[in-house]
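Structure record follows, encoded as structure tokens.
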Amino acid sequence: MTIHSAMRQIEPEVGKRLATTYFGACSAFHGTGHYTGSHFETFAGAPNPENEITAADLLAVQMLAVPVPSRAVIGILETFAPRISELLADICPKKKLEDVTDEQFAPLLGKESPAKHLWDLLRRNAPDEQRWHVGETLASKIMARKRPHLIPIDDSVVTRVIGRGRKNSWKLWWRELREDSYLIERADEIREHVERPELSTLRALDIVLWQYGKTLAKQ
């Protein structure tokens with residue numbers, strides 16, 4: 001299974017319906033979406049500092065049903081805040097993964113890139129560091145909040161649907177987005193249908209794949 005094949009299993013009208021459901025209103029709690037994840041991009045409004053992870057960002061991540069451990073909150077918002085800002089400043093906030101060229105991939109997302117250094121900081125991947133329980137899913141959601149057009153969300157449901165396994169998520173999405181225009185066209189129609197032009201290509205596809213995966217799990 002690939003991202004392409006997974007999306008081809010979801011008919012365009014089905015994809016639109018899944019996205020509509022995701023962004024639908026919750027009748028029990030006025031002013032909130034049926035899924036709290038529908039507030040992920042917009043929670044706390046603007047401005048959202050481009051080169052700083054804020055308390056609002058960490059709360060927005062929790063809209064995607066992943067709590068941020070207390071020690072990680074302290075580290076991200078206080079201890080390592082200056083280093084995080086330095087790394088974010090070196091990651092273009094407007095760069096889209098689908099526009100990254102072969103020559104640009106390593107500097108942007110390779111092993112020695114600012115993005116990978118930020119990933120390692122959030123995950124505490126250094127050999128002498130004790131983990132603070134920020135897994136791949138949580139780290140990806142924090143980074144996707146700050147760089148939504150560049151960093152895909154790693155989620156167990158979507159991972160299963162697209163058959164990612166242990167493949168590098170950044171490289172997998174990059175390669176498939178550049179394969180042809182199909183995924184970008186599907187994302188465009190999803191954005192237009194739900195009237196969410198701010199959604200990144202990555203997020204539009206992620207929402208539909210996640211909804212589809214949850215539906216399969218119920219069958």
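Residue numbers start at 1 in each chain; chains themselves are named A, B, ... in the order of the structure tokens; ligands are numbered from 1 in the order shown.
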
Practice item. May I have the residues within 12 Å of Thr42 in chain A as a list in words, using only C-alpha atoms and disregarding those fewer than 2 positions away in the same chain? Key: Thr32, Gly33, Thr36, Gly37, Ser38, His39, Phe40, Ala44, Gly45, Ala46, Pro47, Asn48, Ala56, Asp57, Leu59, Ala60, Val61, Met63, Arg145, Lys146, Pro148, Arg196, Glu198 and Leu199 of chain A

Store the residues picked out above, limited to N, CA, C and O atoms, as an mmCIF file, in the first residue's frame.
```
data_model
loop_
_atom_site.group_PDB
_atom_site.id
_atom_site.type_symbol
_atom_site.label_atom_id
_atom_site.label_comp_id
_atom_site.auth_asym_id
_atom_site.auth_seq_id
_atom_site.Cartn_x
_atom_site.Cartn_y
_atom_site.Cartn_z
ATOM 1 N N THR A 32 -17.653 24.281 19.209
ATOM 2 C CA THR A 32 -16.568 23.320 18.982
ATOM 3 C C THR A 32 -16.915 22.407 17.821
ATOM 4 O O THR A 32 -18.088 22.237 17.454
ATOM 5 N N GLY A 33 -15.888 21.803 17.250
ATOM 6 C CA GLY A 33 -16.096 20.878 16.158
ATOM 7 C C GLY A 33 -16.448 19.487 16.653
ATOM 8 O O GLY A 33 -16.191 19.130 17.810
ATOM 9 N N THR A 36 -12.229 17.482 17.878
ATOM 10 C CA THR A 36 -11.435 18.607 18.375
ATOM 11 C C THR A 36 -10.226 18.874 17.480
ATOM 12 O O THR A 36 -9.717 19.999 17.438
ATOM 13 N N GLY A 37 -9.792 17.871 16.737
ATOM 14 C CA GLY A 37 -8.673 18.060 15.815
ATOM 15 C C GLY A 37 -8.961 19.091 14.738
ATOM 16 O O GLY A 37 -8.031 19.632 14.129
ATOM 17 N N SER A 38 -10.228 19.386 14.517
ATOM 18 C CA SER A 38 -10.582 20.393 13.521
ATOM 19 C C SER A 38 -10.146 21.788 13.949
ATOM 20 O O SER A 38 -10.119 22.717 13.140
ATOM 21 N N HIS A 39 -9.769 21.940 15.224
ATOM 22 C CA HIS A 39 -9.277 23.221 15.739
ATOM 23 C C HIS A 39 -7.754 23.313 15.737
ATOM 24 O O HIS A 39 -7.206 24.332 16.165
ATOM 25 N N PHE A 40 -7.086 22.259 15.282
ATOM 26 C CA PHE A 40 -5.624 22.176 15.384
ATOM 27 C C PHE A 40 -4.922 23.366 14.737
ATOM 28 O O PHE A 40 -4.029 23.967 15.331
ATOM 29 N N ALA A 44 -6.443 29.244 19.220
ATOM 30 C CA ALA A 44 -5.835 30.445 19.811
ATOM 31 C C ALA A 44 -5.638 31.562 18.801
ATOM 32 O O ALA A 44 -5.130 32.630 19.143
ATOM 33 N N GLY A 45 -6.056 31.341 17.562
ATOM 34 C CA GLY A 45 -6.050 32.408 16.568
ATOM 35 C C GLY A 45 -4.673 32.909 16.195
ATOM 36 O O GLY A 45 -3.653 32.292 16.456
ATOM 37 N N ALA A 46 -4.652 34.067 15.564
ATOM 38 C CA ALA A 46 -3.405 34.682 15.099
ATOM 39 C C ALA A 46 -3.064 35.850 16.032
ATOM 40 O O ALA A 46 -3.933 36.389 16.729
ATOM 41 N N PRO A 47 -1.791 36.254 16.059
ATOM 42 C CA PRO A 47 -0.684 35.653 15.319
ATOM 43 C C PRO A 47 -0.099 34.451 16.042
ATOM 44 O O PRO A 47 -0.107 34.390 17.268
ATOM 45 N N ASN A 48 0.394 33.517 15.274
ATOM 46 C CA ASN A 48 1.087 32.356 15.814
ATOM 47 C C ASN A 48 2.569 32.551 15.501
ATOM 48 O O ASN A 48 2.961 32.465 14.340
ATOM 49 N N ALA A 56 0.150 27.805 23.518
ATOM 50 C CA ALA A 56 -1.014 27.585 22.637
ATOM 51 C C ALA A 56 -0.737 26.465 21.635
ATOM 52 O O ALA A 56 -1.635 25.685 21.304
ATOM 53 N N ASP A 57 0.504 26.380 21.143
ATOM 54 C CA ASP A 57 0.853 25.298 20.220
ATOM 55 C C ASP A 57 0.698 23.934 20.895
ATOM 56 O O ASP A 57 0.184 22.984 20.297
ATOM 57 N N LEU A 59 -1.171 23.197 23.454
ATOM 58 C CA LEU A 59 -2.591 22.933 23.662
ATOM 59 C C LEU A 59 -3.262 22.520 22.358
ATOM 60 O O LEU A 59 -4.129 21.644 22.340
ATOM 61 N N ALA A 60 -2.858 23.145 21.251
ATOM 62 C CA ALA A 60 -3.413 22.782 19.945
ATOM 63 C C ALA A 60 -3.095 21.334 19.611
ATOM 64 O O ALA A 60 -3.936 20.607 19.052
ATOM 65 N N VAL A 61 -1.892 20.900 19.955
ATOM 66 C CA VAL A 61 -1.505 19.513 19.716
ATOM 67 C C VAL A 61 -2.417 18.559 20.482
ATOM 68 O O VAL A 61 -2.781 17.488 19.999
ATOM 69 N N MET A 63 -5.430 18.923 20.925
ATOM 70 C CA MET A 63 -6.685 18.784 20.173
ATOM 71 C C MET A 63 -6.668 17.525 19.310
ATOM 72 O O MET A 63 -7.715 17.017 18.910
ATOM 73 N N ARG A 145 2.410 21.644 13.601
ATOM 74 C CA ARG A 145 1.739 22.882 14.022
ATOM 75 C C ARG A 145 2.559 24.104 13.592
ATOM 76 O O ARG A 145 2.002 25.142 13.215
ATOM 77 N N LYS A 146 3.903 23.994 13.651
ATOM 78 C CA LYS A 146 4.765 25.120 13.298
ATOM 79 C C LYS A 146 5.098 25.171 11.814
ATOM 80 O O LYS A 146 5.289 26.257 11.261
ATOM 81 N N PRO A 148 3.321 23.407 8.927
ATOM 82 C CA PRO A 148 2.278 22.507 8.417
ATOM 83 C C PRO A 148 2.451 22.088 6.964
ATOM 84 O O PRO A 148 1.942 21.032 6.565
ATOM 85 N N ARG A 196 -11.607 25.431 3.537
ATOM 86 C CA ARG A 196 -10.466 25.610 4.439
ATOM 87 C C ARG A 196 -9.201 25.824 3.611
ATOM 88 O O ARG A 196 -8.338 24.954 3.524
ATOM 89 N N GLU A 198 -6.613 27.384 4.168
ATOM 90 C CA GLU A 198 -5.361 27.405 4.913
ATOM 91 C C GLU A 198 -4.773 26.013 5.128
ATOM 92 O O GLU A 198 -3.606 25.873 5.511
ATOM 93 N N LEU A 199 -5.559 24.971 4.888
ATOM 94 C CA LEU A 199 -5.070 23.610 5.097
ATOM 95 C C LEU A 199 -3.908 23.308 4.151
ATOM 96 O O LEU A 199 -3.982 23.565 2.956
#
```

Which neighbours of range 98-103 of chain A fall inside 7 Å, counting only C-alpha atoms, when residues of the same chain fewer than 4 positions from it are skipped, and could you give them as a PyMOL selection string?
chain A and resi 174+177-178

- Item | Shell of 12 Å around Leu77 in chain A, only C-alpha atoms, local chain residues under 5 positions omitted, as a PyMOL selection string | chain A and resi 52-58+68+70-72+82-85+122

Next, the residues of the selection above should be written as a PDB file, in the first residue's frame with C-alpha atoms.
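Saved result, again.pdb, follows:
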```pdb
ATOM      1  CA  GLU A  52       8.606  29.905  18.714  1.00  0.00           C
ATOM      2  CA  ILE A  53       6.721  26.959  20.180  1.00  0.00           C
ATOM      3  CA  THR A  54       4.141  28.467  22.521  1.00  0.00           C
ATOM      4  CA  ALA A  55       1.796  27.137  25.173  1.00  0.00           C
ATOM      5  CA  ALA A  56      -1.014  27.585  22.637  1.00  0.00           C
ATOM      6  CA  ASP A  57       0.853  25.298  20.220  1.00  0.00           C
ATOM      7  CA  LEU A  58       1.091  22.559  22.827  1.00  0.00           C
ATOM      8  CA  VAL A  68       2.147  16.680  26.170  1.00  0.00           C
ATOM      9  CA  SER A  70       4.755  18.005  31.931  1.00  0.00           C
ATOM     10  CA  ARG A  71       8.549  17.680  31.751  1.00  0.00           C
ATOM     11  CA  ALA A  72       8.397  18.100  27.987  1.00  0.00           C
ATOM     12  CA  PRO A  82      16.128  29.550  22.695  1.00  0.00           C
ATOM     13  CA  ARG A  83      17.539  26.557  20.806  1.00  0.00           C
ATOM     14  CA  ILE A  84      14.105  25.683  19.413  1.00  0.00           C
ATOM     15  CA  SER A  85      13.707  29.233  18.123  1.00  0.00           C
ATOM     16  CA  LEU A 122      11.820  17.059  20.860  1.00  0.00           C
TER      17      LEU A 122
END
```

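Computed from the coordinates, the CA of Thr20 in chain A to CA of Lys214 in chain A distance equals 15.0 Å.
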
All helix (DSSP H, G or I) residues (DSSP, backbone) inside range 30-167 of chain A, as a short mmCIF file (atom, residue, chain, number, x, y, z; two decimals) with N, CA, C and O atoms, in the first residue's frame:
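Listing of states38.cif after writing:
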```cif
data_model
loop_
_atom_site.label_atom_id
_atom_site.label_comp_id
_atom_site.auth_asym_id
_atom_site.auth_seq_id
_atom_site.Cartn_x
_atom_site.Cartn_y
_atom_site.Cartn_z
N THR A 36 -12.23 17.48 17.88
CA THR A 36 -11.44 18.61 18.37
C THR A 36 -10.23 18.87 17.48
O THR A 36 -9.72 20.00 17.44
N GLY A 37 -9.79 17.87 16.74
CA GLY A 37 -8.67 18.06 15.82
C GLY A 37 -8.96 19.09 14.74
O GLY A 37 -8.03 19.63 14.13
N SER A 38 -10.23 19.39 14.52
CA SER A 38 -10.58 20.39 13.52
C SER A 38 -10.15 21.79 13.95
O SER A 38 -10.12 22.72 13.14
N HIS A 39 -9.77 21.94 15.22
CA HIS A 39 -9.28 23.22 15.74
C HIS A 39 -7.75 23.31 15.74
O HIS A 39 -7.21 24.33 16.16
N ALA A 55 2.75 27.95 24.42
CA ALA A 55 1.80 27.14 25.17
C ALA A 55 0.56 26.83 24.33
O ALA A 55 -0.01 25.74 24.40
N ALA A 56 0.15 27.80 23.52
CA ALA A 56 -1.01 27.59 22.64
C ALA A 56 -0.74 26.46 21.63
O ALA A 56 -1.64 25.69 21.30
N ASP A 57 0.50 26.38 21.14
CA ASP A 57 0.85 25.30 20.22
C ASP A 57 0.70 23.93 20.89
O ASP A 57 0.18 22.98 20.30
N LEU A 58 1.17 23.84 22.12
CA LEU A 58 1.09 22.56 22.83
C LEU A 58 -0.35 22.20 23.17
O LEU A 58 -0.72 21.02 23.16
N LEU A 59 -1.17 23.20 23.45
CA LEU A 59 -2.59 22.93 23.66
C LEU A 59 -3.26 22.52 22.36
O LEU A 59 -4.13 21.64 22.34
N ALA A 60 -2.86 23.15 21.25
CA ALA A 60 -3.41 22.78 19.94
C ALA A 60 -3.09 21.33 19.61
O ALA A 60 -3.94 20.61 19.05
N VAL A 61 -1.89 20.90 19.96
CA VAL A 61 -1.50 19.51 19.72
C VAL A 61 -2.42 18.56 20.48
O VAL A 61 -2.78 17.49 20.00
N GLN A 62 -2.83 18.96 21.68
CA GLN A 62 -3.72 18.12 22.47
C GLN A 62 -5.11 18.01 21.85
O GLN A 62 -5.87 17.10 22.19
N SER A 70 4.39 16.78 31.21
CA SER A 70 4.75 18.01 31.93
C SER A 70 6.23 18.36 31.76
O SER A 70 6.59 19.53 31.57
N ARG A 71 7.12 17.38 31.88
CA ARG A 71 8.55 17.68 31.75
C ARG A 71 8.88 18.17 30.34
O ARG A 71 9.76 19.03 30.17
N ALA A 72 8.19 17.63 29.36
CA ALA A 72 8.40 18.10 27.99
C ALA A 72 7.91 19.54 27.84
O ALA A 72 8.55 20.35 27.16
N VAL A 73 6.80 19.87 28.46
CA VAL A 73 6.28 21.25 28.41
C VAL A 73 7.31 22.21 28.97
O VAL A 73 7.61 23.26 28.37
N ILE A 74 7.88 21.87 30.12
CA ILE A 74 8.89 22.74 30.75
C ILE A 74 10.10 22.88 29.84
O ILE A 74 10.62 23.99 29.61
N GLY A 75 10.55 21.77 29.29
CA GLY A 75 11.72 21.80 28.42
C GLY A 75 11.49 22.60 27.16
O GLY A 75 12.35 23.40 26.74
N ILE A 76 10.34 22.40 26.53
CA ILE A 76 10.04 23.07 25.26
C ILE A 76 9.79 24.57 25.45
O ILE A 76 10.27 25.39 24.68
N LEU A 77 9.03 24.92 26.48
CA LEU A 77 8.65 26.32 26.68
C LEU A 77 9.70 27.12 27.43
O LEU A 77 9.72 28.36 27.32
N GLU A 78 10.58 26.45 28.17
CA GLU A 78 11.55 27.19 28.97
C GLU A 78 12.99 26.78 28.68
O GLU A 78 13.73 27.51 28.02
N THR A 79 13.40 25.60 29.12
CA THR A 79 14.81 25.21 29.07
C THR A 79 15.40 25.30 27.67
O THR A 79 16.48 25.89 27.47
N ALA A 81 13.85 26.58 24.90
CA ALA A 81 13.15 27.53 24.03
C ALA A 81 14.09 28.31 23.11
O ALA A 81 13.79 28.47 21.92
N PRO A 82 15.23 28.82 23.60
CA PRO A 82 16.13 29.55 22.70
C PRO A 82 16.65 28.68 21.55
O PRO A 82 16.70 29.15 20.40
N ARG A 83 17.03 27.45 21.85
CA ARG A 83 17.54 26.56 20.81
C ARG A 83 16.44 26.21 19.81
O ARG A 83 16.67 26.16 18.59
N ILE A 84 15.24 25.98 20.30
CA ILE A 84 14.10 25.68 19.41
C ILE A 84 13.85 26.84 18.46
O ILE A 84 13.62 26.64 17.26
N SER A 85 13.91 28.05 18.96
CA SER A 85 13.71 29.23 18.12
C SER A 85 14.80 29.36 17.06
O SER A 85 14.52 29.72 15.91
N GLU A 86 16.03 29.04 17.43
CA GLU A 86 17.13 29.06 16.46
C GLU A 86 16.88 28.07 15.32
O GLU A 86 17.08 28.40 14.14
N LEU A 87 16.45 26.89 15.69
CA LEU A 87 16.21 25.86 14.68
C LEU A 87 15.01 26.22 13.79
O LEU A 87 15.07 26.08 12.57
N LEU A 88 13.93 26.69 14.38
CA LEU A 88 12.77 27.09 13.59
C LEU A 88 13.10 28.22 12.64
O LEU A 88 12.57 28.27 11.51
N ALA A 89 13.96 29.13 13.07
CA ALA A 89 14.35 30.25 12.20
C ALA A 89 15.06 29.78 10.94
O ALA A 89 15.07 30.49 9.92
N LEU A 97 6.27 20.81 1.13
CA LEU A 97 6.99 19.57 0.88
C LEU A 97 6.94 19.19 -0.59
O LEU A 97 7.92 18.70 -1.15
N GLU A 98 5.81 19.45 -1.23
CA GLU A 98 5.65 19.09 -2.64
C GLU A 98 6.53 19.92 -3.56
O GLU A 98 6.74 19.55 -4.73
N ASP A 99 7.06 21.04 -3.05
CA ASP A 99 7.91 21.91 -3.87
C ASP A 99 9.40 21.70 -3.61
O ASP A 99 10.23 22.35 -4.25
N ASP A 102 15.12 17.77 -5.41
CA ASP A 102 16.10 16.77 -4.99
C ASP A 102 17.27 17.42 -4.26
O ASP A 102 17.76 16.90 -3.25
N GLU A 103 17.72 18.55 -4.78
CA GLU A 103 18.86 19.24 -4.19
C GLU A 103 18.53 19.86 -2.83
O GLU A 103 19.40 20.03 -1.98
N GLN A 104 17.27 20.19 -2.62
CA GLN A 104 16.86 20.86 -1.39
C GLN A 104 16.53 19.90 -0.25
O GLN A 104 16.52 20.31 0.92
N PHE A 105 16.26 18.64 -0.57
CA PHE A 105 15.75 17.73 0.46
C PHE A 105 16.73 17.57 1.63
O PHE A 105 16.35 17.71 2.80
N ALA A 106 17.97 17.27 1.34
CA ALA A 106 18.94 17.04 2.42
C ALA A 106 19.12 18.27 3.31
O ALA A 106 19.07 18.16 4.54
N PRO A 107 19.32 19.48 2.73
CA PRO A 107 19.45 20.66 3.60
C PRO A 107 18.21 20.96 4.42
O PRO A 107 18.30 21.47 5.54
N LEU A 108 17.03 20.62 3.87
CA LEU A 108 15.78 20.92 4.57
C LEU A 108 15.35 19.84 5.55
O LEU A 108 14.86 20.13 6.65
N LEU A 109 15.53 18.57 5.14
CA LEU A 109 14.95 17.47 5.91
C LEU A 109 15.91 16.29 6.10
O LEU A 109 15.49 15.24 6.61
N PRO A 114 18.19 21.44 10.05
CA PRO A 114 17.56 22.02 11.26
C PRO A 114 16.30 21.26 11.68
O PRO A 114 16.04 21.10 12.88
N ALA A 115 15.53 20.78 10.71
CA ALA A 115 14.31 20.04 11.03
C ALA A 115 14.64 18.75 11.78
O ALA A 115 13.96 18.39 12.76
N LYS A 116 15.66 18.04 11.32
CA LYS A 116 16.05 16.80 12.01
C LYS A 116 16.62 17.10 13.39
O LYS A 116 16.37 16.35 14.36
N HIS A 117 17.36 18.18 13.53
CA HIS A 117 17.88 18.56 14.84
C HIS A 117 16.73 18.91 15.79
O HIS A 117 16.77 18.56 16.98
N LEU A 118 15.69 19.57 15.28
CA LEU A 118 14.53 19.88 16.10
C LEU A 118 13.80 18.60 16.49
O LEU A 118 13.37 18.44 17.64
N TRP A 119 13.67 17.71 15.53
CA TRP A 119 13.05 16.41 15.80
C TRP A 119 13.80 15.68 16.93
O TRP A 119 13.19 15.17 17.87
N ASP A 120 15.12 15.65 16.84
CA ASP A 120 15.93 14.97 17.85
C ASP A 120 15.81 15.66 19.21
O ASP A 120 15.81 14.98 20.25
N LEU A 121 15.70 16.98 19.21
CA LEU A 121 15.54 17.70 20.47
C LEU A 121 14.20 17.35 21.12
O LEU A 121 14.14 17.06 22.32
N LEU A 122 13.14 17.38 20.32
CA LEU A 122 11.82 17.06 20.86
C LEU A 122 11.74 15.61 21.35
O LEU A 122 11.10 15.33 22.37
N ARG A 123 12.39 14.73 20.62
CA ARG A 123 12.37 13.30 20.98
C ARG A 123 13.42 12.95 22.04
O ARG A 123 13.37 11.89 22.62
N GLU A 136 7.13 9.61 18.39
CA GLU A 136 7.12 10.10 17.01
C GLU A 136 5.83 10.83 16.69
O GLU A 136 5.85 11.87 16.01
N THR A 137 4.71 10.30 17.14
CA THR A 137 3.43 10.93 16.83
C THR A 137 3.35 12.33 17.42
O THR A 137 3.00 13.30 16.73
N LEU A 138 3.69 12.46 18.70
CA LEU A 138 3.63 13.76 19.35
C LEU A 138 4.63 14.74 18.74
O LEU A 138 4.29 15.91 18.47
N ALA A 139 5.85 14.30 18.51
CA ALA A 139 6.86 15.18 17.92
C ALA A 139 6.42 15.68 16.55
O ALA A 139 6.58 16.86 16.21
N SER A 140 5.83 14.79 15.76
CA SER A 140 5.40 15.19 14.41
C SER A 140 4.26 16.20 14.48
O SER A 140 4.19 17.12 13.66
N LYS A 141 3.39 16.06 15.47
CA LYS A 141 2.27 16.99 15.59
C LYS A 141 2.74 18.37 16.05
O LYS A 141 2.21 19.39 15.60
N ILE A 142 3.71 18.40 16.94
CA ILE A 142 4.28 19.69 17.36
C ILE A 142 4.93 20.38 16.17
O ILE A 142 4.71 21.58 15.93
N MET A 143 5.71 19.63 15.41
CA MET A 143 6.39 20.23 14.25
C MET A 143 5.41 20.61 13.16
O MET A 143 5.58 21.62 12.47
N ALA A 144 4.36 19.81 12.98
CA ALA A 144 3.36 20.12 11.96
C ALA A 144 2.57 21.38 12.32
O ALA A 144 2.10 22.10 11.43
N ARG A 145 2.41 21.64 13.60
CA ARG A 145 1.74 22.88 14.02
C ARG A 145 2.56 24.10 13.59
O ARG A 145 2.00 25.14 13.21
N LYS A 146 3.90 23.99 13.65
CA LYS A 146 4.76 25.12 13.30
C LYS A 146 5.10 25.17 11.81
O LYS A 146 5.29 26.26 11.26
N SER A 156 -0.72 6.50 13.98
CA SER A 156 -0.81 5.05 13.82
C SER A 156 -1.89 4.64 12.82
O SER A 156 -1.73 3.67 12.07
N VAL A 157 -3.00 5.39 12.80
CA VAL A 157 -4.09 5.05 11.88
C VAL A 157 -3.66 5.28 10.44
O VAL A 157 -3.81 4.40 9.58
N VAL A 158 -3.10 6.46 10.15
CA VAL A 158 -2.66 6.77 8.79
C VAL A 158 -1.49 5.87 8.39
O VAL A 158 -1.42 5.41 7.24
N THR A 159 -0.58 5.62 9.31
CA THR A 159 0.55 4.72 9.03
C THR A 159 0.06 3.37 8.56
O THR A 159 0.60 2.79 7.61
N ARG A 160 -0.98 2.87 9.21
CA ARG A 160 -1.54 1.57 8.82
C ARG A 160 -2.21 1.65 7.45
O ARG A 160 -2.04 0.75 6.61
N VAL A 161 -2.96 2.71 7.20
CA VAL A 161 -3.70 2.84 5.95
C VAL A 161 -2.76 2.93 4.75
O VAL A 161 -3.02 2.33 3.70
N ILE A 162 -1.66 3.66 4.89
CA ILE A 162 -0.74 3.85 3.76
C ILE A 162 0.38 2.81 3.73
O ILE A 162 1.21 2.81 2.82
#
```

Across A:Trp210, A:Trp170, A:Tyr35, A:Phe29, the smallest distance to Lys96 in chain A, with only C-alpha atoms counted, is shown by A:Trp170

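CA of Trp132 in chain A is found 26.5 Å from CA of Pro93 in chain A.
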
9 Å contact set for range 185-188 of chain A, only C-alpha atoms, chain neighbours under 5 positions out, as a PyMOL selection string: chain A and resi 7+12+15+193+197+199-205

Could you save the residues just selected, with C-alpha atoms, as an mmCIF file, in the first residue's frame?
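This went into out.cif:
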```
data_model
loop_
_atom_site.group_PDB
_atom_site.id
_atom_site.type_symbol
_atom_site.label_atom_id
_atom_site.label_comp_id
_atom_site.auth_asym_id
_atom_site.auth_seq_id
_atom_site.Cartn_x
_atom_site.Cartn_y
_atom_site.Cartn_z
ATOM 1 C CA MET A 7 -6.251 7.692 -1.748
ATOM 2 C CA PRO A 12 -13.471 11.724 -4.356
ATOM 3 C CA GLY A 15 -13.219 11.880 0.659
ATOM 4 C CA HIS A 193 -15.096 21.489 -0.458
ATOM 5 C CA PRO A 197 -7.923 27.225 2.102
ATOM 6 C CA LEU A 199 -5.070 23.610 5.097
ATOM 7 C CA SER A 200 -1.761 22.289 3.839
ATOM 8 C CA THR A 201 -1.700 19.531 1.249
ATOM 9 C CA LEU A 202 -0.315 17.225 3.924
ATOM 10 C CA ARG A 203 -3.076 17.984 6.400
ATOM 11 C CA ALA A 204 -5.925 17.766 3.893
ATOM 12 C CA LEU A 205 -4.806 14.292 2.872
#
```

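Take the candidates A:Asp90, A:Asp154, A:Glu11, A:Glu112 and check each one against Asn168 in chain A using only C-alpha atoms; the shortest distance goes to A:Asp154.
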
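For the set A:Cys92, A:Pro49, A:Lys167, A:Glu189, the residue with the smallest atom-to-atom gap to Glu13 in chain A is A:Glu189, counting only C-alpha atoms.
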